[in-house]
>>> print(open('final.txt').read())   # compact mmCIF, C-alpha atoms
# COMPACT_ATOMS: atom_id res chain seq x y z
CA MET A 1 -6.40 13.29 -16.17
CA VAL A 2 -3.52 12.32 -13.92
CA PHE A 3 -3.04 8.77 -12.64
CA GLY A 4 -1.23 7.42 -9.64
CA GLN A 5 -1.14 5.33 -6.49
CA VAL A 6 -1.51 6.04 -2.78
CA VAL A 7 0.78 3.51 -1.08
CA ILE A 8 -0.18 2.65 2.48
CA GLY A 9 0.32 -0.16 4.96
CA PRO A 10 1.73 -0.91 8.43
CA PRO A 11 5.44 -0.43 9.23
CA GLY A 12 7.44 -3.33 7.85
CA SER A 13 5.03 -4.12 5.03
CA GLY A 14 7.51 -2.89 2.41
CA LYS A 15 6.10 0.47 1.25
CA THR A 16 9.41 2.19 0.56
CA THR A 17 10.75 -0.88 -1.22
CA TYR A 18 7.50 -1.09 -3.18
CA CYS A 19 7.76 2.54 -4.32
CA ASN A 20 11.36 2.00 -5.34
CA GLY A 21 10.66 -1.17 -7.31
CA MET A 22 7.36 0.05 -8.77
CA SER A 23 8.88 3.32 -9.97
CA GLN A 24 11.68 1.41 -11.70
CA PHE A 25 9.24 -0.93 -13.43
CA LEU A 26 7.02 1.93 -14.62
CA ARG A 27 10.02 3.73 -16.07
CA LEU A 28 10.99 0.54 -17.89
CA ILE A 29 7.67 0.49 -19.72
CA GLY A 30 7.92 4.16 -20.59
CA ARG A 31 6.08 6.11 -17.91
CA LYS A 32 7.50 9.21 -16.29
CA VAL A 33 7.15 8.69 -12.55
CA ALA A 34 7.19 11.17 -9.68
CA VAL A 35 7.45 9.83 -6.13
CA ILE A 36 6.09 12.02 -3.37
CA ASN A 37 7.80 11.86 0.02
CA LEU A 38 10.55 9.33 -0.59
CA TYR A 39 14.31 9.64 -0.44
CA GLU A 40 15.44 11.38 -3.60
CA CYS A 41 11.79 12.06 -4.35
CA ALA A 42 10.15 14.63 -6.56
CA VAL A 43 8.27 16.25 -3.66
CA ASN A 44 9.45 15.99 -0.05
CA ILE A 45 6.87 17.00 2.55
CA GLU A 46 9.70 17.73 4.97
CA ASP A 47 10.20 20.94 3.01
CA LEU A 48 6.87 22.00 4.52
CA ILE A 49 7.00 20.40 7.96
CA LYS A 50 9.44 18.03 9.63
CA LEU A 51 8.39 15.37 12.11
CA SER A 52 11.50 15.65 14.29
CA ASP A 53 10.89 19.39 14.73
CA VAL A 54 7.25 18.79 15.66
CA MET A 55 8.18 16.14 18.21
CA ALA A 56 10.78 18.39 19.83
CA GLU A 57 8.66 21.54 19.86
CA HIS A 58 5.43 19.96 21.12
CA SER A 59 6.83 17.06 23.19
CA LEU A 60 5.04 14.48 21.06
CA GLY A 61 5.88 10.90 20.22
CA PRO A 62 6.09 9.63 16.63
CA ASN A 63 2.39 8.80 16.33
CA GLY A 64 1.16 12.06 17.82
CA GLY A 65 3.70 13.97 15.78
CA LEU A 66 2.50 12.34 12.55
CA VAL A 67 -1.11 13.22 13.30
CA TYR A 68 0.00 16.82 13.89
CA CYS A 69 1.99 16.84 10.63
CA MET A 70 -0.88 15.40 8.62
CA ASP A 71 -3.25 17.99 10.09
CA TYR A 72 -0.75 20.72 9.17
CA LEU A 73 -0.47 19.33 5.65
CA GLU A 74 -4.25 19.36 5.26
CA LYS A 75 -4.37 23.00 6.28
CA ASN A 76 -1.57 23.81 3.84
CA VAL A 77 -2.59 21.53 1.00
CA ASP A 78 -2.16 24.46 -1.41
CA TRP A 79 1.59 24.08 -0.90
CA LEU A 80 1.43 20.46 -2.04
CA GLU A 81 -0.78 21.37 -4.99
CA SER A 82 1.79 23.93 -6.15
CA LYS A 83 4.55 21.32 -5.95
CA LEU A 84 2.52 18.81 -7.95
CA ALA A 85 1.36 21.27 -10.60
CA PRO A 86 4.54 21.02 -12.76
CA LEU A 87 4.39 17.20 -12.58
CA ILE A 88 0.80 16.44 -13.44
CA LYS A 89 1.16 17.17 -17.14
CA ASP A 90 3.15 14.05 -17.94
CA HIS A 91 3.97 12.12 -14.74
CA TYR A 92 2.49 9.09 -13.04
CA LEU A 93 2.36 9.80 -9.28
CA LEU A 94 3.34 7.53 -6.40
CA PHE A 95 2.40 8.83 -2.95
CA ASP A 96 4.48 7.11 -0.26
CA PHE A 97 2.45 7.60 2.91
CA PRO A 98 3.58 6.98 6.53
CA GLY A 99 3.20 3.56 8.11
CA GLN A 100 1.09 4.61 11.11
CA VAL A 101 -2.18 2.83 10.35
CA GLU A 102 -4.34 5.10 12.52
CA LEU A 103 -3.87 7.82 9.91
CA PHE A 104 -5.96 5.80 7.47
CA PHE A 105 -8.82 4.35 9.50
CA LEU A 106 -9.19 6.63 12.52
CA HIS A 107 -8.22 10.15 11.47
CA SER A 108 -9.65 12.03 8.52
CA ASN A 109 -6.63 14.17 7.55
CA ALA A 110 -5.11 11.77 5.01
CA LYS A 111 -8.51 11.16 3.45
CA ASN A 112 -9.19 14.90 3.26
CA VAL A 113 -5.81 15.61 1.65
CA THR A 114 -6.34 13.00 -1.07
CA GLU A 115 -9.91 14.20 -1.69
CA LYS A 116 -8.73 17.79 -2.13
CA LEU A 117 -5.95 16.75 -4.50
CA ILE A 118 -8.31 14.60 -6.54
CA LYS A 119 -10.82 17.43 -6.87
CA LYS A 120 -8.33 20.22 -7.53
CA LEU A 121 -5.89 18.39 -9.83
CA ASP A 122 -8.27 15.87 -11.41
CA LEU A 123 -6.30 12.87 -10.13
CA ARG A 124 -7.20 9.20 -10.65
CA LEU A 125 -5.70 7.45 -7.64
CA THR A 126 -5.76 3.84 -6.46
CA ALA A 127 -4.92 2.97 -2.86
CA ILE A 128 -2.38 0.14 -2.60
CA HIS A 129 -2.61 -1.36 0.87
CA LEU A 130 0.42 -3.56 1.56
CA VAL A 131 0.09 -6.37 4.09
CA ASP A 132 3.13 -8.45 4.99
CA SER A 133 2.41 -12.00 3.86
CA HIS A 134 3.88 -13.44 7.04
CA LEU A 135 0.61 -12.49 8.78
CA CYS A 136 -1.01 -15.43 6.99
CA SER A 137 1.08 -17.84 9.06
CA ASP A 138 -0.92 -17.02 12.19
CA PRO A 139 -4.75 -17.10 12.13
CA GLY A 140 -5.06 -14.34 14.72
CA THR A 141 -2.83 -11.86 12.92
CA TYR A 142 -4.51 -12.74 9.62
CA VAL A 143 -7.91 -11.81 11.05
CA SER A 144 -6.39 -8.55 12.31
CA ALA A 145 -5.06 -7.84 8.81
CA LEU A 146 -8.52 -8.48 7.37
CA LEU A 147 -10.12 -5.99 9.77
CA LEU A 148 -7.46 -3.37 9.08
CA SER A 149 -7.89 -3.83 5.33
CA LEU A 150 -11.68 -3.55 5.54
CA SER A 151 -11.57 -0.49 7.82
CA THR A 152 -9.06 1.26 5.55
CA MET A 153 -11.09 0.52 2.42
CA LEU A 154 -14.27 1.93 3.94
CA HIS A 155 -12.51 4.98 5.36
CA LEU A 156 -10.47 6.13 2.36
CA GLU A 157 -13.21 5.62 -0.24
CA LEU A 158 -10.74 5.14 -3.10
CA PRO A 159 -10.33 2.37 -5.67
CA HIS A 160 -8.50 -0.07 -3.43
CA ILE A 161 -6.19 -3.06 -3.82
CA ASN A 162 -5.03 -5.10 -0.84
CA ASP A 163 -1.74 -6.79 -1.56
CA LEU A 164 0.22 -9.52 0.24
CA SER A 165 3.79 -8.28 -0.05
CA LYS A 166 6.99 -10.34 0.23
CA ILE A 167 5.12 -13.34 -1.13
CA ASP A 168 8.40 -14.99 -2.13
CA LEU A 169 9.30 -15.22 1.56
CA ILE A 170 6.02 -16.67 2.77
CA GLU A 171 7.32 -20.22 3.17
CA SER A 172 10.10 -19.02 5.46
CA TYR A 173 7.51 -17.94 8.03
CA GLY A 174 6.16 -21.45 8.52
CA LYS A 175 3.69 -23.77 6.86
CA LEU A 176 0.29 -22.27 6.09
CA ALA A 177 -2.78 -23.96 7.52
CA PHE A 178 -4.50 -23.71 4.12
CA ASN A 179 -3.48 -23.15 0.54
CA LEU A 180 -2.61 -19.63 -0.56
CA GLU A 181 -5.94 -19.12 -2.36
CA PHE A 182 -7.74 -19.38 0.98
CA TYR A 183 -5.91 -16.27 2.16
CA THR A 184 -6.02 -14.28 -1.07
CA ASP A 185 -9.68 -14.99 -1.86
CA VAL A 186 -10.75 -14.75 1.82
CA GLU A 187 -12.82 -17.90 1.64
CA ASP A 188 -14.97 -19.39 4.41
CA LEU A 189 -13.29 -17.96 7.52
CA SER A 190 -15.02 -20.43 9.83
CA TYR A 191 -12.20 -22.83 8.99
CA LEU A 192 -9.85 -20.56 10.93
CA GLN A 193 -11.72 -21.18 14.15
CA TYR A 194 -10.24 -24.63 14.77
CA HIS A 195 -6.70 -23.30 14.49
CA LEU A 196 -7.49 -20.33 16.71
CA ASP A 197 -8.87 -22.67 19.36
CA GLN A 198 -5.51 -24.46 19.55
CA ASP A 199 -3.98 -21.31 21.03
CA PRO A 200 -5.14 -20.75 24.65
CA ARG A 201 -4.73 -17.01 24.20
CA SER A 202 -7.15 -17.01 21.29
CA ALA A 203 -9.59 -19.62 22.53
CA LYS A 204 -11.10 -17.34 25.18
CA TYR A 205 -11.96 -14.82 22.47
CA ARG A 206 -13.70 -17.43 20.34
CA LYS A 207 -17.05 -15.62 20.18
CA LEU A 208 -15.42 -12.30 19.39
CA THR A 209 -13.32 -13.82 16.63
CA LYS A 210 -16.36 -15.52 15.16
CA GLN A 211 -18.23 -12.22 15.03
CA LEU A 212 -15.28 -10.41 13.48
CA CYS A 213 -14.93 -13.05 10.76
CA GLU A 214 -18.64 -12.80 10.01
CA LEU A 215 -18.30 -9.01 9.79
CA VAL A 216 -15.58 -9.32 7.14
CA GLU A 217 -17.59 -11.90 5.19
CA ASP A 218 -20.80 -9.86 5.38
CA HIS A 219 -19.12 -6.93 3.62
CA SER A 220 -17.59 -9.24 0.97
CA LEU A 221 -15.06 -6.55 0.06
CA VAL A 222 -11.69 -7.89 1.17
CA ASN A 223 -9.42 -10.00 -0.98
CA PHE A 224 -5.71 -9.87 -1.75
CA SER A 225 -3.42 -9.86 -4.72
CA THR A 226 0.16 -11.07 -4.24
CA LEU A 227 3.47 -9.37 -4.94
CA ASP A 228 7.13 -10.22 -5.22
CA ILE A 229 8.65 -6.82 -5.91
CA GLN A 230 11.77 -8.48 -7.34
CA ASP A 231 9.81 -10.39 -10.00
CA LYS A 232 8.98 -8.57 -13.23
CA GLU A 233 5.90 -10.68 -13.98
CA SER A 234 4.51 -10.22 -10.46
CA VAL A 235 4.93 -6.44 -10.62
CA GLY A 236 3.52 -6.33 -14.14
CA ASN A 237 0.37 -8.23 -13.12
CA LEU A 238 -0.20 -5.80 -10.26
CA VAL A 239 0.29 -2.78 -12.54
CA LYS A 240 -2.35 -4.16 -14.92
CA LEU A 241 -4.75 -4.58 -12.00
CA ILE A 242 -4.07 -1.01 -10.83
CA ASP A 243 -4.55 0.34 -14.35
CA LYS A 244 -7.98 -1.27 -14.50
CA SER A 245 -8.99 0.11 -11.10
CA ASN A 246 -8.16 3.77 -11.80
CA GLY A 247 -9.00 3.77 -15.52
CA TYR A 248 -5.50 4.18 -16.92
CA ILE A 249 -6.19 1.48 -19.52
CA PHE A 250 -8.87 3.73 -21.00
CA ALA A 251 -6.55 6.73 -21.37
CA GLY A 252 -5.82 7.29 -25.04
CA ILE A 253 -5.71 4.15 -27.18
CA ASP A 254 -5.29 1.56 -24.45
CA ALA A 255 -2.09 3.16 -23.17
CA SER A 256 -1.38 0.31 -20.78
CA ALA A 257 -1.38 -2.33 -23.53
CA VAL A 258 0.94 -0.22 -25.70
CA GLU A 259 3.40 0.11 -22.84
CA PHE A 260 3.39 -3.57 -21.94
CA SER A 261 3.96 -4.47 -25.57
CA LYS A 262 7.50 -3.16 -25.10
CA ILE A 263 8.17 -6.05 -22.76
CA ALA A 264 6.43 -8.59 -24.99
CA VAL A 265 8.27 -7.53 -28.16
CA CYS A 266 11.64 -6.87 -26.60
CA PRO A 267 12.03 -8.44 -23.14
CA LEU A 268 13.75 -6.12 -20.72
CA ASP A 269 16.54 -7.15 -18.38
CA TRP A 270 14.72 -6.64 -15.10
CA ASP A 271 17.70 -7.92 -13.11
CA TYR A 272 19.86 -5.22 -14.66
CA TYR A 273 17.49 -2.38 -13.81
CA ARG A 274 16.55 -3.61 -10.37
CA THR A 275 19.02 -1.99 -7.99
CA ALA A 276 20.83 -3.83 -5.23
CA ALA A 277 19.15 -1.48 -2.77
CA VAL A 278 15.75 -2.97 -3.55
CA GLN A 279 16.91 -6.52 -3.02
CA GLU A 280 18.77 -5.71 0.18
CA LYS A 281 15.99 -3.69 1.75
CA TYR A 282 13.32 -6.15 0.69
CA MET A 283 14.82 -8.79 2.95
CA LYS A 284 14.47 -6.54 5.99
CA ASP A 285 11.54 -5.48 8.13
CA ASP A 286 12.89 -2.04 8.95
CA ASP A 287 10.41 -0.11 6.82
CA VAL A 288 9.29 2.19 9.63
CA ASP A 289 8.15 5.54 8.25
CA PHE A 290 8.47 8.61 10.40
CA ASP A 291 8.11 11.08 7.55
CA VAL A 292 4.84 12.45 6.26
>>> encode(input="final.txt", output="C-alpha cells")
Amino acid sequence: MVFGQVVIGPPGSGKTTYCNGMSQFLRLIGRKVAVINLYECAVNIEDLIKLSDVMAEHSLGPNGGLVYCMDYLEKNVDWLESKLAPLIKDHYLLFDFPGQVELFFLHSNAKNVTEKLIKKLDLRLTAIHLVDSHLCSDPGTYVSALLLSLSTMLHLELPHINDLSKIDLIESYGKLAFNLEFYTDVEDLSYLQYHLDQDPRSAKYRKLTKQLCELVEDHSLVNFSTLDIQDKESVGNLVKLIDKSNGYIFAGIDASAVEFSKIAVCPLDWDYYRTAAVQEKYMKDDDVDFDV
C-alpha cells in the first residue's frame, strides 16, 4: 500500500507553501517524500503537457487551458503511472494540484485521474482542502467556503480534511464575530444571519443564505482543522489526523507512532530545517497555480 495526500484549495490558500513545509516535516520524522507537480518535484506534469503551450495553441485562458490539460492528463494517465511506479515502493506522495476550484467540484477529470491511480497503484490518499483562514472574518465569504468545501468533499469521494490555513495570521484580518471553535466545528450557522443582515449587499439575499446554511448543516459533513505551517506542533497534529484518515497508522506496527517518537525522544530543531522560502512565501497571497 502507498500513502499520500491530494492537496487542493483556491489560489492564495497556501498549497505550494503547504507542500513545501509538509514535505520537510515528513522527512524530519523519517519518511521519504515525493512531491508531484511542484518546483524541484519528483514528477512534473509539464513534461507531459504545458499550460502555456495549450493556451497559445488553442487561444484559451488559464481556466480553460487547465481543463484541457487535466483532460489530456486523464487520457494519458499511463504516463503518470509510469512516473510514479519507481516511487511507490518506499515514498509518501504529495500531489500538488492546481488552484482552479472548478476542477474539483464541476469537472470530473481530476476525480477520474485520482480514481485510476488509486485502483492501478493501490494508493491510500487523503484530500487536504486548504481554505484561507481570513475567510472567517466575513460571514458571506465563510458561507461560500463552507459550500465549496461541501461540494468538493461530495465530488472527490476521498477521505477528506478541510483545513483553515495561515491560522497564525487570522487576527490580522480583523476581529472574528465568534470564537474560533464556531468556525472550525461549524456550529449553529443561524447566528451568522444577524451579521449578514448588517451588510446591505447580503441582506437582500437573506432567504438564499438561510437555505444555504441549512444545506450545509443538513449534510453535517463540514468541519475544519487549523494549520500554521511554520509551527511543528500544528503540522504534527495535522499529520496524525491525516494518518488516521488514510490508514497509515495501521501500516506495520503503528508506523506513525514510531516516527513521532523521534520527536518526543529527541526534539528536532524545526526552525533549522524550515527554510526561509517557506516563511517568506507563507506571508504572501501569490499562490496562484497555473501548472497541472
>>> closest_atom_pairs(input="final.txt", of="stretch 158-258 of chain A", to="stretch 141-148 of chain A", cutoff="8 Å", atoms="all atoms listed in the file", output="Markdown table")
| residue | atom | partner | partner_atom | distance |
| --- | --- | --- | --- | --- |
| A:Leu212 | CA | A:Leu147 | CA | 7.7 |
| A:Cys213 | CA | A:Val143 | CA | 7.1 |
| A:Val216 | CA | A:Leu147 | CA | 6.9 |
| A:Val222 | CA | A:Leu146 | CA | 7.0 |
>>> closest_residue(input="final.txt", among="A:Leu164, A:Leu215, A:Leu221, A:Val54", to="A:Met70", atoms="all atoms listed in the file")
A:Val54
>>> closest_residue(input="final.txt", among="A:Lys89, A:Arg201, A:Lys111, A:Lys244", to="A:Leu73", atoms="all atoms listed in the file")
A:Lys111
>>> atom_distance(input="final.txt", atom1="atom CA of A:Val43", atom2="atom CA of A:Leu84")
7.6 Å
>>> closest_residue(input="final.txt", among="A:Val239, A:Ala177, A:Ile29, A:Val113", to="A:Leu80", atoms="all atoms listed in the file")
A:Val113
>>> residues_near_point(input="final.txt", point="(-18.5, -15.8, 13.8)", cutoff="12 Å", atoms="all atoms listed in the file", output="VMD selection string")
chain A and resid 143 188 to 193 205 to 218
>>> residues_around(input="final.txt", residues="A:Tyr92", least_positions_apart="4", cutoff="7 Å", atoms="all atoms listed in the file", output="list in words")
Val2, Phe3, Gly4, Arg31, Lys32, Val33 and Ala34 of chain A
>>> residues_around(input="final.txt", residues="A:Thr152", least_positions_apart="3", cutoff="7 Å", atoms="only C-alpha atoms", output="list of chain:residue names")
A:Phe104, A:Phe105, A:Leu148, A:Ser149, A:His155, A:Leu156
>>> atom_distance(input="final.txt", atom1="atom CA of A:Val131", atom2="atom CA of A:Leu28")
25.5 Å
>>> closest_residue(input="final.txt", among="A:Ile128, A:Met153, A:Val6, A:Leu93", to="A:Leu241", atoms="all atoms listed in the file")
A:Ile128
>>> closest_residue(input="final.txt", among="A:Ser165, A:Asn37, A:Ser202, A:Gln5", to="A:Asn246", atoms="all atoms listed in the file")
A:Gln5
>>> decode(input="final.txt", residues="stretch 62-75 of chain A", atoms="all heavy atoms", output="short mmCIF file (atom, residue, chain, number, x, y, z; two decimals), in the first residue's frame")
data_model
loop_
_atom_site.label_atom_id
_atom_site.label_comp_id
_atom_site.auth_asym_id
_atom_site.auth_seq_id
_atom_site.Cartn_x
_atom_site.Cartn_y
_atom_site.Cartn_z
N PRO A 62 -6.40 30.86 -18.75
CA PRO A 62 -5.84 29.92 -17.77
C PRO A 62 -6.82 28.84 -17.34
O PRO A 62 -6.45 27.66 -17.25
CB PRO A 62 -5.46 30.82 -16.59
CG PRO A 62 -5.30 32.17 -17.19
CD PRO A 62 -6.28 32.25 -18.31
N ASN A 63 -8.07 29.21 -17.07
CA ASN A 63 -9.03 28.22 -16.60
C ASN A 63 -9.36 27.19 -17.68
O ASN A 63 -9.36 25.98 -17.43
CB ASN A 63 -10.31 28.91 -16.13
CG ASN A 63 -10.11 29.68 -14.84
OD1 ASN A 63 -9.08 29.56 -14.20
ND2 ASN A 63 -11.08 30.50 -14.48
N GLY A 64 -9.65 27.68 -18.89
CA GLY A 64 -9.94 26.76 -19.99
C GLY A 64 -8.74 25.89 -20.32
O GLY A 64 -8.87 24.70 -20.63
N GLY A 65 -7.55 26.49 -20.24
CA GLY A 65 -6.34 25.73 -20.51
C GLY A 65 -6.12 24.63 -19.49
O GLY A 65 -5.69 23.52 -19.84
N LEU A 66 -6.42 24.91 -18.22
CA LEU A 66 -6.25 23.89 -17.18
C LEU A 66 -7.23 22.74 -17.35
O LEU A 66 -6.88 21.58 -17.13
CB LEU A 66 -6.43 24.53 -15.80
CG LEU A 66 -5.19 25.24 -15.25
CD1 LEU A 66 -5.55 26.08 -14.05
CD2 LEU A 66 -4.11 24.23 -14.90
N VAL A 67 -8.46 23.05 -17.74
CA VAL A 67 -9.43 21.99 -18.00
C VAL A 67 -8.93 21.11 -19.14
O VAL A 67 -9.02 19.87 -19.08
CB VAL A 67 -10.81 22.58 -18.34
CG1 VAL A 67 -11.77 21.49 -18.78
CG2 VAL A 67 -11.39 23.31 -17.12
N TYR A 68 -8.39 21.74 -20.19
CA TYR A 68 -7.84 20.99 -21.33
C TYR A 68 -6.69 20.10 -20.86
O TYR A 68 -6.60 18.91 -21.23
CB TYR A 68 -7.37 21.96 -22.41
CG TYR A 68 -6.83 21.30 -23.66
CD1 TYR A 68 -7.63 21.17 -24.80
CD2 TYR A 68 -5.53 20.80 -23.72
CE1 TYR A 68 -7.15 20.56 -25.95
CE2 TYR A 68 -5.03 20.19 -24.86
CZ TYR A 68 -5.85 20.08 -25.97
OH TYR A 68 -5.35 19.47 -27.11
N CYS A 69 -5.79 20.67 -20.05
CA CYS A 69 -4.62 19.91 -19.58
C CYS A 69 -5.04 18.74 -18.71
O CYS A 69 -4.48 17.64 -18.81
CB CYS A 69 -3.69 20.83 -18.79
SG CYS A 69 -2.80 22.05 -19.78
N MET A 70 -6.03 18.96 -17.84
CA MET A 70 -6.47 17.87 -16.98
C MET A 70 -7.13 16.77 -17.78
O MET A 70 -6.98 15.58 -17.49
CB MET A 70 -7.42 18.41 -15.92
CG MET A 70 -7.71 17.44 -14.78
SD MET A 70 -6.24 16.97 -13.83
CE MET A 70 -5.97 18.49 -12.92
N ASP A 71 -7.87 17.16 -18.82
CA ASP A 71 -8.49 16.16 -19.70
C ASP A 71 -7.41 15.37 -20.44
O ASP A 71 -7.51 14.15 -20.58
CB ASP A 71 -9.41 16.87 -20.70
CG ASP A 71 -10.11 15.89 -21.63
OD1 ASP A 71 -10.91 15.08 -21.13
OD2 ASP A 71 -9.86 15.94 -22.85
N TYR A 72 -6.36 16.06 -20.87
CA TYR A 72 -5.25 15.40 -21.55
C TYR A 72 -4.53 14.45 -20.60
O TYR A 72 -4.14 13.33 -21.00
CB TYR A 72 -4.28 16.46 -22.09
CG TYR A 72 -3.20 15.91 -22.99
CD1 TYR A 72 -3.43 15.75 -24.36
CD2 TYR A 72 -1.95 15.56 -22.49
CE1 TYR A 72 -2.45 15.25 -25.20
CE2 TYR A 72 -0.96 15.06 -23.31
CZ TYR A 72 -1.21 14.91 -24.67
OH TYR A 72 -0.23 14.41 -25.49
N LEU A 73 -4.36 14.88 -19.36
CA LEU A 73 -3.71 14.02 -18.37
C LEU A 73 -4.54 12.77 -18.11
O LEU A 73 -3.98 11.67 -17.99
CB LEU A 73 -3.51 14.79 -17.06
CG LEU A 73 -2.92 13.99 -15.89
CD1 LEU A 73 -1.53 13.46 -16.24
CD2 LEU A 73 -2.86 14.86 -14.64
N GLU A 74 -5.85 12.92 -18.03
CA GLU A 74 -6.71 11.75 -17.82
C GLU A 74 -6.56 10.74 -18.95
O GLU A 74 -6.50 9.53 -18.71
CB GLU A 74 -8.17 12.18 -17.70
CG GLU A 74 -9.12 11.02 -17.45
CD GLU A 74 -10.58 11.41 -17.47
OE1 GLU A 74 -10.87 12.62 -17.58
OE2 GLU A 74 -11.43 10.50 -17.39
N LYS A 75 -6.48 11.24 -20.18
CA LYS A 75 -6.36 10.36 -21.33
C LYS A 75 -4.97 9.72 -21.41
O LYS A 75 -4.79 8.70 -22.09
CB LYS A 75 -6.65 11.13 -22.62
CG LYS A 75 -8.10 11.58 -22.71
CD LYS A 75 -8.34 12.42 -23.96
CE LYS A 75 -9.79 12.88 -24.04
NZ LYS A 75 -10.04 13.77 -25.20
#
